[in-house]
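coords_2.txt follows (compact mmCIF, C-alpha atoms and all ligand atoms):
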```
# COMPACT_ATOMS: atom_id res chain seq x y z
CA MET Z 1 100.76 109.79 107.05
CA LYS Z 2 103.05 107.85 104.73
CA ILE Z 3 102.71 108.06 100.96
CA LEU Z 4 104.22 105.73 98.36
CA VAL Z 5 105.24 107.75 95.31
CA THR Z 6 105.88 105.49 92.32
CA GLY Z 7 108.03 107.17 89.68
CA GLY Z 8 109.15 109.65 92.32
CA ALA Z 9 112.68 109.80 90.90
CA GLY Z 10 111.21 111.33 87.74
CA TYR Z 11 110.41 114.89 86.82
CA ILE Z 12 106.87 115.46 88.15
CA GLY Z 13 107.14 112.79 90.86
CA SER Z 14 110.20 114.37 92.48
CA HIS Z 15 108.59 117.82 92.55
CA THR Z 16 105.48 116.33 94.12
CA ALA Z 17 107.53 114.34 96.64
CA ASN Z 18 109.13 117.60 97.77
CA ARG Z 19 105.71 119.23 98.15
CA LEU Z 20 104.43 116.28 100.24
CA LEU Z 21 107.47 116.45 102.52
CA GLU Z 22 107.06 120.21 102.96
CA SER Z 23 103.44 119.53 103.94
CA GLY Z 24 104.38 117.05 106.66
CA PHE Z 25 103.87 113.70 104.89
CA GLU Z 26 106.40 110.90 105.05
CA VAL Z 27 107.41 109.77 101.57
CA VAL Z 28 108.64 106.45 100.20
CA ILE Z 29 109.74 106.61 96.57
CA PHE Z 30 109.46 103.46 94.48
CA ASP Z 31 111.18 103.71 91.12
CA LYS Z 32 112.99 101.54 88.62
CA LEU Z 33 115.27 104.40 87.52
CA THR Z 34 114.59 103.81 83.82
CA THR Z 35 114.08 107.51 83.08
CA GLY Z 36 114.32 108.70 86.67
CA PHE Z 37 117.41 109.78 88.61
CA ARG Z 38 118.57 108.75 92.06
CA ASN Z 39 119.73 112.31 92.76
CA ALA Z 40 116.22 113.67 92.07
CA VAL Z 41 114.96 111.80 95.16
CA PRO Z 42 114.67 114.24 98.10
CA SER Z 43 117.20 113.44 100.83
CA ASN Z 44 114.43 113.12 103.44
CA ALA Z 45 112.45 110.56 101.42
CA LYS Z 46 113.10 106.82 101.58
CA PHE Z 47 114.07 105.28 98.25
CA ILE Z 48 113.24 101.74 97.13
CA GLU Z 49 114.36 100.54 93.72
CA GLY Z 50 111.83 98.27 92.06
CA ASP Z 51 109.44 97.67 89.20
CA ILE Z 52 105.74 98.40 89.66
CA ARG Z 53 104.97 95.18 87.77
CA ASN Z 54 106.49 93.13 90.61
CA GLU Z 55 103.24 92.65 92.52
CA ALA Z 56 104.60 90.58 95.42
CA PHE Z 57 107.47 92.98 96.13
CA LEU Z 58 105.15 95.97 95.88
CA ALA Z 59 102.66 94.39 98.30
CA ASP Z 60 105.53 93.70 100.75
CA VAL Z 61 106.64 97.33 100.53
CA LEU Z 62 103.10 98.64 101.05
CA ILE Z 63 102.66 96.43 104.13
CA SER Z 64 106.11 96.75 105.71
CA GLU Z 65 106.25 100.52 105.19
CA LYS Z 66 102.66 100.93 106.50
CA ILE Z 67 101.69 103.03 103.48
CA ASP Z 68 98.46 105.09 103.77
CA ALA Z 69 98.04 106.12 100.11
CA VAL Z 70 99.77 105.97 96.74
CA ILE Z 71 100.58 108.59 94.13
CA HIS Z 72 101.31 106.73 90.92
CA PHE Z 73 103.58 108.49 88.40
CA ALA Z 74 105.65 105.55 87.14
CA ALA Z 75 105.15 105.17 83.39
CA LYS Z 76 106.79 105.40 80.02
CA LEU Z 77 105.66 108.55 78.22
CA ASN Z 78 107.38 109.00 74.89
CA VAL Z 79 104.49 109.18 72.41
CA LYS Z 80 106.64 108.36 69.39
CA GLU Z 81 108.26 105.39 71.13
CA SER Z 82 104.79 104.14 72.10
CA THR Z 83 103.86 103.88 68.41
CA LEU Z 84 107.01 101.79 67.77
CA LYS Z 85 106.83 99.62 70.91
CA PRO Z 86 103.14 99.52 71.81
CA LEU Z 87 103.36 96.23 73.74
CA ASP Z 88 106.09 97.61 76.01
CA TYR Z 89 103.87 100.59 76.74
CA TYR Z 90 100.74 98.55 77.50
CA ASP Z 91 102.81 96.21 79.63
CA ASN Z 92 104.53 98.94 81.63
CA ASN Z 93 101.75 101.50 81.93
CA THR Z 94 98.49 99.56 81.88
CA GLY Z 95 99.97 96.33 83.25
CA GLY Z 96 101.70 98.40 85.93
CA VAL Z 97 98.40 99.88 87.11
CA LEU Z 98 96.91 96.40 87.32
CA THR Z 99 99.72 94.99 89.48
CA LEU Z 100 99.79 98.11 91.63
CA LEU Z 101 96.04 97.87 92.31
CA LYS Z 102 96.32 94.18 93.13
CA ALA Z 103 99.21 94.86 95.51
CA MET Z 104 97.16 97.66 97.10
CA GLU Z 105 94.25 95.26 97.53
CA THR Z 106 96.52 92.74 99.28
CA ALA Z 107 97.97 95.46 101.51
CA LYS Z 108 94.56 97.10 102.11
CA VAL Z 109 95.75 100.47 100.83
CA GLN Z 110 92.71 102.19 99.40
CA ARG Z 111 93.61 105.65 98.08
CA ILE Z 112 95.47 106.40 94.86
CA VAL Z 113 96.21 109.54 92.83
CA PHE Z 114 96.97 108.60 89.24
CA SER Z 115 98.95 110.47 86.54
CA SER Z 116 96.77 110.57 83.45
CA THR Z 117 97.15 112.76 80.41
CA ALA Z 118 95.42 115.08 77.93
CA ALA Z 119 96.46 112.49 75.31
CA ILE Z 120 93.33 110.50 76.21
CA PHE Z 121 91.25 113.16 74.42
CA GLY Z 122 92.93 113.00 71.00
CA ASP Z 123 91.73 115.69 68.60
CA LYS Z 124 87.95 115.56 69.02
CA VAL Z 125 87.76 119.01 70.65
CA GLN Z 126 89.91 121.64 68.95
CA ASP Z 127 87.96 124.87 69.16
CA ARG Z 128 87.45 125.29 72.92
CA ALA Z 129 88.82 124.19 76.27
CA ILE Z 130 88.31 120.48 77.04
CA PHE Z 131 85.97 119.38 79.82
CA GLU Z 132 86.48 116.20 81.82
CA ASP Z 133 83.56 114.40 80.19
CA ASP Z 134 84.41 115.33 76.60
CA PRO Z 135 84.84 112.36 74.23
CA LYS Z 136 88.00 110.28 74.61
CA ALA Z 137 89.82 109.26 71.44
CA PRO Z 138 93.58 108.79 71.93
CA LEU Z 139 95.74 109.19 68.82
CA ASN Z 140 98.51 106.84 69.96
CA PRO Z 141 99.20 103.79 72.15
CA TYR Z 142 100.53 105.99 74.99
CA GLY Z 143 97.15 107.74 75.24
CA TYR Z 144 95.38 104.39 75.21
CA THR Z 145 97.58 103.00 78.01
CA LYS Z 146 96.35 105.86 80.19
CA LEU Z 147 92.70 105.68 79.10
CA MET Z 148 92.67 101.93 79.78
CA SER Z 149 94.26 102.59 83.18
CA GLU Z 150 91.51 105.07 84.01
CA GLN Z 151 88.94 102.43 83.05
CA ILE Z 152 90.61 99.86 85.32
CA LEU Z 153 90.62 102.37 88.19
CA GLN Z 154 86.95 103.16 87.62
CA ASP Z 155 85.94 99.48 87.50
CA ALA Z 156 87.98 98.67 90.62
CA SER Z 157 86.50 101.64 92.42
CA ASN Z 158 82.93 100.63 91.46
CA VAL Z 159 83.14 97.26 93.20
CA GLY Z 160 85.80 97.64 95.86
CA SER Z 161 87.10 100.02 98.42
CA ILE Z 162 89.64 101.75 96.11
CA LYS Z 163 89.13 105.50 95.76
CA TYR Z 164 91.12 107.32 93.12
CA CYS Z 165 91.74 110.70 91.54
CA ALA Z 166 92.88 110.63 87.91
CA LEU Z 167 94.72 113.83 87.05
CA ARG Z 168 94.91 114.50 83.32
CA TYR Z 169 97.95 116.70 82.87
CA PHE Z 170 98.14 118.90 79.83
CA ASN Z 171 101.72 120.07 79.03
CA VAL Z 172 103.94 120.12 82.07
CA ALA Z 173 107.01 122.36 82.11
CA GLY Z 174 109.22 124.56 84.27
CA ALA Z 175 111.51 123.99 87.23
CA SER Z 176 111.28 124.48 90.98
CA ASP Z 177 111.09 127.94 92.52
CA SER Z 178 114.28 127.14 94.48
CA GLY Z 179 116.19 126.26 91.30
CA ASN Z 180 117.14 122.91 92.87
CA ASN Z 181 114.97 120.63 90.76
CA GLY Z 182 113.76 120.44 87.18
CA GLN Z 183 113.55 118.14 84.20
CA ARG Z 184 116.60 115.88 83.99
CA THR Z 185 115.29 113.48 81.31
CA ALA Z 186 118.19 112.61 79.04
CA ASP Z 187 116.05 112.06 75.97
CA ALA Z 188 114.05 115.32 75.76
CA PHE Z 189 110.88 115.35 73.68
CA HIS Z 190 108.75 118.13 75.18
CA LEU Z 191 108.83 121.50 73.42
CA ILE Z 192 110.03 123.71 76.29
CA HIS Z 193 112.67 121.21 77.34
CA LEU Z 194 113.93 120.92 73.74
CA GLY Z 195 113.78 124.70 73.32
CA VAL Z 196 115.88 125.50 76.38
CA GLN Z 197 118.39 122.84 75.30
CA ALA Z 198 118.64 124.63 71.93
CA ALA Z 199 119.03 127.95 73.77
CA ILE Z 200 122.04 126.74 75.77
CA GLY Z 201 123.61 125.06 72.73
CA LYS Z 202 122.95 121.45 73.80
CA ARG Z 203 121.10 121.08 70.48
CA LYS Z 204 122.00 122.67 67.15
CA ASN Z 205 118.41 123.70 66.40
CA LEU Z 206 114.77 123.21 67.27
CA GLN Z 207 112.38 121.41 64.95
CA LEU Z 208 108.88 122.80 64.47
CA PHE Z 209 106.38 120.23 63.20
CA GLY Z 210 103.52 121.70 61.17
CA THR Z 211 102.74 125.30 60.30
CA ASP Z 212 99.35 124.79 58.65
CA TYR Z 213 97.14 123.90 61.61
CA PRO Z 214 93.84 125.79 62.00
CA THR Z 215 95.23 127.83 64.92
CA LYS Z 216 96.16 131.49 65.47
CA ASP Z 217 99.52 131.19 63.68
CA GLY Z 218 99.32 127.74 62.08
CA THR Z 219 101.31 125.93 64.81
CA CYS Z 220 99.93 123.64 67.52
CA VAL Z 221 98.47 125.20 70.66
CA ARG Z 222 99.03 123.67 74.10
CA ASP Z 223 98.15 124.51 77.69
CA TYR Z 224 101.47 124.65 79.60
CA ILE Z 225 101.20 124.05 83.35
CA HIS Z 226 104.06 124.81 85.74
CA VAL Z 227 105.32 121.66 87.45
CA GLU Z 228 105.09 123.34 90.88
CA ASP Z 229 101.40 124.19 90.35
CA LEU Z 230 100.87 120.58 89.32
CA ALA Z 231 102.59 119.41 92.51
CA ASP Z 232 100.05 121.49 94.47
CA ILE Z 233 97.22 119.72 92.62
CA HIS Z 234 98.57 116.32 93.75
CA LEU Z 235 98.62 117.47 97.34
CA LEU Z 236 95.03 118.71 97.08
CA ALA Z 237 93.86 115.49 95.37
CA LEU Z 238 95.51 113.41 98.07
CA GLN Z 239 93.98 115.49 100.86
CA TYR Z 240 90.58 115.22 99.14
CA LEU Z 241 90.80 111.39 99.08
CA LEU Z 242 92.15 111.16 102.65
CA ALA Z 243 89.22 113.31 103.80
CA GLY Z 244 86.81 110.74 102.35
CA GLY Z 245 86.30 112.23 98.87
CA ASP Z 246 84.85 109.91 96.24
CA SER Z 247 86.69 108.75 93.11
CA ASN Z 248 87.07 111.62 90.67
CA TYR Z 249 89.01 112.92 87.66
CA PHE Z 250 90.32 116.36 86.78
CA ASN Z 251 91.80 118.14 83.77
CA CYS Z 252 94.98 119.90 84.84
CA GLY Z 253 95.93 123.04 82.96
CA TYR Z 254 95.34 126.79 83.10
CA GLY Z 255 92.53 127.08 80.55
CA PHE Z 256 94.52 128.99 77.95
CA GLY Z 257 97.04 127.89 75.38
CA TYR Z 258 100.14 129.12 73.58
CA SER Z 259 101.23 128.24 70.06
CA VAL Z 260 104.55 126.58 69.34
CA ARG Z 261 105.74 129.84 67.76
CA GLU Z 262 104.78 131.82 70.87
CA VAL Z 263 106.67 129.39 73.09
CA ILE Z 264 109.76 129.56 70.87
CA GLU Z 265 109.67 133.36 70.96
CA MET Z 266 109.39 133.29 74.75
CA ILE Z 267 112.37 130.92 75.10
CA LYS Z 268 114.42 133.18 72.82
CA LYS Z 269 113.39 136.18 74.93
CA VAL Z 270 114.23 134.71 78.34
CA SER Z 271 117.52 133.23 77.11
CA ASN Z 272 118.45 136.19 74.95
CA THR Z 273 119.51 133.80 72.17
CA ASP Z 274 118.37 133.23 68.61
CA PHE Z 275 118.77 129.51 67.97
CA PRO Z 276 117.80 128.17 64.53
CA VAL Z 277 114.26 126.78 64.11
CA ILE Z 278 113.71 124.21 61.35
CA GLU Z 279 110.13 124.21 60.07
CA GLY Z 280 108.83 120.86 58.82
CA GLU Z 281 105.73 118.81 58.08
CA ARG Z 282 103.09 117.91 60.65
CA ARG Z 283 103.85 114.91 62.85
CA PRO Z 284 101.28 112.12 62.87
CA GLY Z 285 99.30 112.01 66.10
CA ASP Z 286 99.53 115.71 67.02
CA ALA Z 287 96.21 117.44 67.79
CA ALA Z 288 95.98 121.08 66.65
CA SER Z 289 94.94 122.42 70.03
CA LEU Z 290 94.73 120.96 73.56
CA VAL Z 291 93.58 123.31 76.29
CA ALA Z 292 92.13 122.23 79.66
CA ASP Z 293 88.97 123.53 81.20
CA SER Z 294 90.11 123.60 84.82
CA SER Z 295 86.92 124.88 86.45
CA LYS Z 296 86.23 121.50 88.10
CA LEU Z 297 89.71 121.47 89.61
CA LYS Z 298 89.12 124.92 91.03
CA SER Z 299 85.63 124.26 92.35
CA VAL Z 300 86.08 120.74 93.79
CA LEU Z 301 89.71 120.86 94.98
CA ASN Z 302 89.84 124.63 95.51
CA TRP Z 303 93.03 124.81 93.42
CA LYS Z 304 94.50 128.27 92.96
CA PRO Z 305 97.14 128.47 90.23
CA LYS Z 306 100.17 130.48 91.33
CA ARG Z 307 102.45 130.33 88.32
CA ALA Z 308 100.20 130.66 85.25
CA ASP Z 309 102.80 132.65 83.36
CA LEU Z 310 104.59 131.37 80.25
CA GLU Z 311 107.56 133.68 80.84
CA LEU Z 312 108.06 132.30 84.37
CA ILE Z 313 107.75 128.71 83.10
CA CYS Z 314 110.28 129.22 80.29
CA ARG Z 315 112.68 131.23 82.45
CA SER Z 316 112.74 128.62 85.23
CA ALA Z 317 113.24 125.80 82.67
CA TYR Z 318 116.06 127.76 81.01
CA GLN Z 319 117.82 128.53 84.28
CA TRP Z 320 117.55 124.91 85.38
CA GLU Z 321 118.95 123.61 82.08
CA LYS Z 322 121.80 126.10 82.31
CA SER Z 323 122.59 124.96 85.87
CA LEU Z 324 122.84 121.34 84.63
CA LYS Z 325 125.41 122.39 82.07
CA GLU Z 326 127.52 124.39 84.53
N1 LIG W 401 105.68 115.34 81.46
C1 LIG W 401 104.47 115.60 80.95
O1 LIG W 401 104.26 116.62 80.26
C2 LIG W 401 103.32 114.66 81.22
C3 LIG W 401 102.07 114.95 80.63
C4 LIG W 401 100.99 114.10 80.90
C5 LIG W 401 101.15 113.01 81.75
N2 LIG W 401 102.38 112.74 82.28
C6 LIG W 401 102.50 111.56 83.17
O2 LIG W 401 103.18 111.95 84.35
C7 LIG W 401 103.91 110.85 84.90
C8 LIG W 401 105.31 111.31 85.24
O3 LIG W 401 105.92 111.84 84.06
P1 LIG W 401 107.34 112.57 84.10
O4 LIG W 401 107.30 113.66 83.09
O5 LIG W 401 107.70 112.89 85.49
O6 LIG W 401 108.27 111.40 83.51
P2 LIG W 401 109.64 110.77 84.04
O7 LIG W 401 110.11 109.87 82.94
O8 LIG W 401 110.55 111.84 84.50
O9 LIG W 401 109.16 109.92 85.30
C9 LIG W 401 108.63 108.62 85.20
C10 LIG W 401 109.29 107.79 86.29
O10 LIG W 401 108.71 106.48 86.30
C11 LIG W 401 109.75 105.51 86.47
N3 LIG W 401 109.26 104.24 85.93
C12 LIG W 401 108.83 103.99 84.67
N4 LIG W 401 108.43 102.71 84.57
C13 LIG W 401 108.58 102.15 85.80
C14 LIG W 401 108.32 100.85 86.33
N5 LIG W 401 107.85 99.87 85.57
N6 LIG W 401 108.58 100.63 87.64
C15 LIG W 401 109.08 101.62 88.44
N7 LIG W 401 109.36 102.85 87.98
C16 LIG W 401 109.11 103.11 86.67
C17 LIG W 401 110.93 106.11 85.73
O11 LIG W 401 112.18 105.57 86.12
C18 LIG W 401 110.79 107.59 86.07
O12 LIG W 401 111.48 107.92 87.26
C19 LIG W 401 103.82 109.73 83.86
O13 LIG W 401 102.84 108.81 84.29
C20 LIG W 401 103.36 110.45 82.60
O14 LIG W 401 102.62 109.59 81.76
C21 LIG W 401 103.47 113.53 82.04
```

Show me this structure written as C-alpha cells.
Ligand SMILES: NC(=O)c1ccc[n+]([C@@H]2O[C@H](COP(=O)([O-])OP(=O)(O)OC[C@H]3O[C@@H](n4cnc5c(N)ncnc54)[C@H](O)[C@@H]3O)[C@@H](O)[C@H]2O)c1
Amino acid sequence: MKILVTGGAGYIGSHTANRLLESGFEVVIFDKLTTGFRNAVPSNAKFIEGDIRNEAFLADVLISEKIDAVIHFAAKLNVKESTLKPLDYYDNNTGGVLTLLKAMETAKVQRIVFSSTAAIFGDKVQDRAIFEDDPKAPLNPYGYTKLMSEQILQDASNVGSIKYCALRYFNVAGASDSGNNGQRTADAFHLIHLGVQAAIGKRKNLQLFGTDYPTKDGTCVRDYIHVEDLADIHLLALQYLLAGGDSNYFNCGYGFGYSVREVIEMIKKVSNTDFPVIEGERRPGDAASLVADSSKLKSVLNWKPKRADLELICRSAYQWEKSLKE
C-alpha cells in the first residue's frame, strides 16, 4: 500500500511517515518546504516538492505513483500570523483541501486522514474535557480554515466516494523515542518548543501570557500529546479507513491538561536550568482550557496511549533541541 503524505517534511508529518514505513507502507512525501525540512524526510520515503494547491500536478502524482490513500498535514499553523494574513491562510489551508480533494477525485483515490485542530472549538467548553460533537466556535482564522476544511470533507463524503478521518490534535509536543527526529520549525510558537529553546539558551527568556484565567493557577491549561502517540493515531485511522470504516472525526489528546506554569516547571526540572519567565497580559484568542475527551478514539480506533507523561514529553523535546544545537 502506498500513502501520499502531504506536509511530510514537517514536524508531525515526518514522525507519522516514519511510523507508516515501520508498519510496512510505502510513503511518498509531497511538501513545498515552506516550514518543512528536506532532512526530516525519511531516507526510505520518496520526496516530491510541490504545492498542494497545484491540482493538475497533484493529480499526476496520485496517478503515476499509484497512491492508495492520503494523509494530509500540509498547512500553515501560526495562529497569530493567521490573524494578520487571513487570506493566505484560507488560500493555503482551506483552498489546499479543495484542490487536494479534486485531484483525489480525478485520480480515484478515496481515503484521506486530515490534520484538524482543537482550535475549531474556541472557548465554548472550559470546565470539562471536550467531546467531538461539542459546539465549534474558532477564535481565529486558523481555526476557521480547519473547520471549513472539515465541512468540505463532510460534504464531499456525503455525496461521493471519499471517506475521511478528521483528527483534531490538541497540543502536540515531544520528539521521537530514538532521538533522531523532533520539531525543527525555525519560528517556534508552541509553549514546550519555546520553553526548551529558553532552557538551552537559544532564547533569553520565556513569555507567559495571562495569569488571571479561571484555572488551577491562573494560567492556560492544555492537553499535551506526544508526537509519537499521535503518529500511532494516524496509523490506526488509516487502517480503519482502508478496512472500510466510514467517515469519522476524533479528538486527539490524553484527557487531562497541564497549566502553563506546570509545563514551565517541568521544563526547568528536566533541563536543570532556571531561565527567566516574563509574565504579561492575556493574548487575544487564547482559550482558558482545552482538554480532549479521547474516549471515542479509544473505543472506535482502539488507541492505547503509550507516552502520556509530561516529564517524558518535555525531556524528549529538550534532548532533541539540545542535539540540534550541538
Ligand atoms: N503542531 C501542533 O501542535 C498542531 C496542533 C493542531 C493541528 N496541527 C496541524 O498539524 C499539521 C502539521 O503541523 P506541524 O506541526 O507538523 O507543522 P509543520 O509546519 O512542521 O508542517 C507543515 C508542513 O506543511 C508544508 N506545507 C505548508 N503549506 C504547503 C503547501 N501549500 N503545499 C505543500 N506543502 C505545504 C510545510 O512545508 C511543512 O512541511 C498542520 O495541518 C497543522 O495545522 C498541528

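Summary of the local environment: counting only C-alpha atoms, residues at most 10 Å from Z:Thr35, other than itself and those fewer than 3 positions away along its chain, are Gly7, Ala9, Gly10, Tyr11, Asp31, Lys32, Ala74, Ala75, Lys76, Leu77, Arg184, Thr185, Ala186 and Asp187 of chain Z.
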
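Using all atoms listed in the file, the smallest distance between any of Z:Asn54, Z:Gln126, Z:Asn171, Z:Ser157 and ligand LIG 401 (chain W) comes from Z:Asn171.
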
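Atom to atom, atom CA of Z:Ala173 and atom CA of Z:Asn248 stand 24.2 Å apart.
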
Would you mind listing what lies within 7 Å of stretch 130-145 of chain Z as a PDB file with C-alpha atoms, keeping the file's coordinate frame, with only C-alpha atoms counted and same-chain residues fewer than 4 positions away left out?
```
ATOM      1  CA  LEU Z  77     105.660 108.550  78.220  1.00  0.00           C
ATOM      2  CA  VAL Z  79     104.490 109.180  72.410  1.00  0.00           C
ATOM      3  CA  SER Z  82     104.790 104.140  72.100  1.00  0.00           C
ATOM      4  CA  THR Z  83     103.860 103.880  68.410  1.00  0.00           C
ATOM      5  CA  PRO Z  86     103.140  99.520  71.810  1.00  0.00           C
ATOM      6  CA  TYR Z  89     103.870 100.590  76.740  1.00  0.00           C
ATOM      7  CA  TYR Z  90     100.740  98.550  77.500  1.00  0.00           C
ATOM      8  CA  ASN Z  93     101.750 101.500  81.930  1.00  0.00           C
ATOM      9  CA  THR Z  94      98.490  99.560  81.880  1.00  0.00           C
ATOM     10  CA  ALA Z 119      96.460 112.490  75.310  1.00  0.00           C
ATOM     11  CA  ILE Z 120      93.330 110.500  76.210  1.00  0.00           C
ATOM     12  CA  PHE Z 121      91.250 113.160  74.420  1.00  0.00           C
ATOM     13  CA  GLY Z 122      92.930 113.000  71.000  1.00  0.00           C
ATOM     14  CA  LYS Z 124      87.950 115.560  69.020  1.00  0.00           C
ATOM     15  CA  VAL Z 125      87.760 119.010  70.650  1.00  0.00           C
ATOM     16  CA  SER Z 149      94.260 102.590  83.180  1.00  0.00           C
ATOM     17  CA  PHE Z 250      90.320 116.360  86.780  1.00  0.00           C
ATOM     18  CA  ASN Z 251      91.800 118.140  83.770  1.00  0.00           C
ATOM     19  CA  GLY Z 285      99.300 112.010  66.100  1.00  0.00           C
ATOM     20  CA  VAL Z 291      93.580 123.310  76.290  1.00  0.00           C
ATOM     21  CA  ALA Z 292      92.130 122.230  79.660  1.00  0.00           C
ATOM     22  CA  ASP Z 293      88.970 123.530  81.200  1.00  0.00           C
TER      23      ASP Z 293
END
```

message: Residues within 9 Å of Z:Glu311, please, as a VMD selection string. Count all atoms listed in the file; anything in the same chain fewer than 6 positions from it doesn't count.
response: chain Z and resid 263 266 to 267 269 to 270
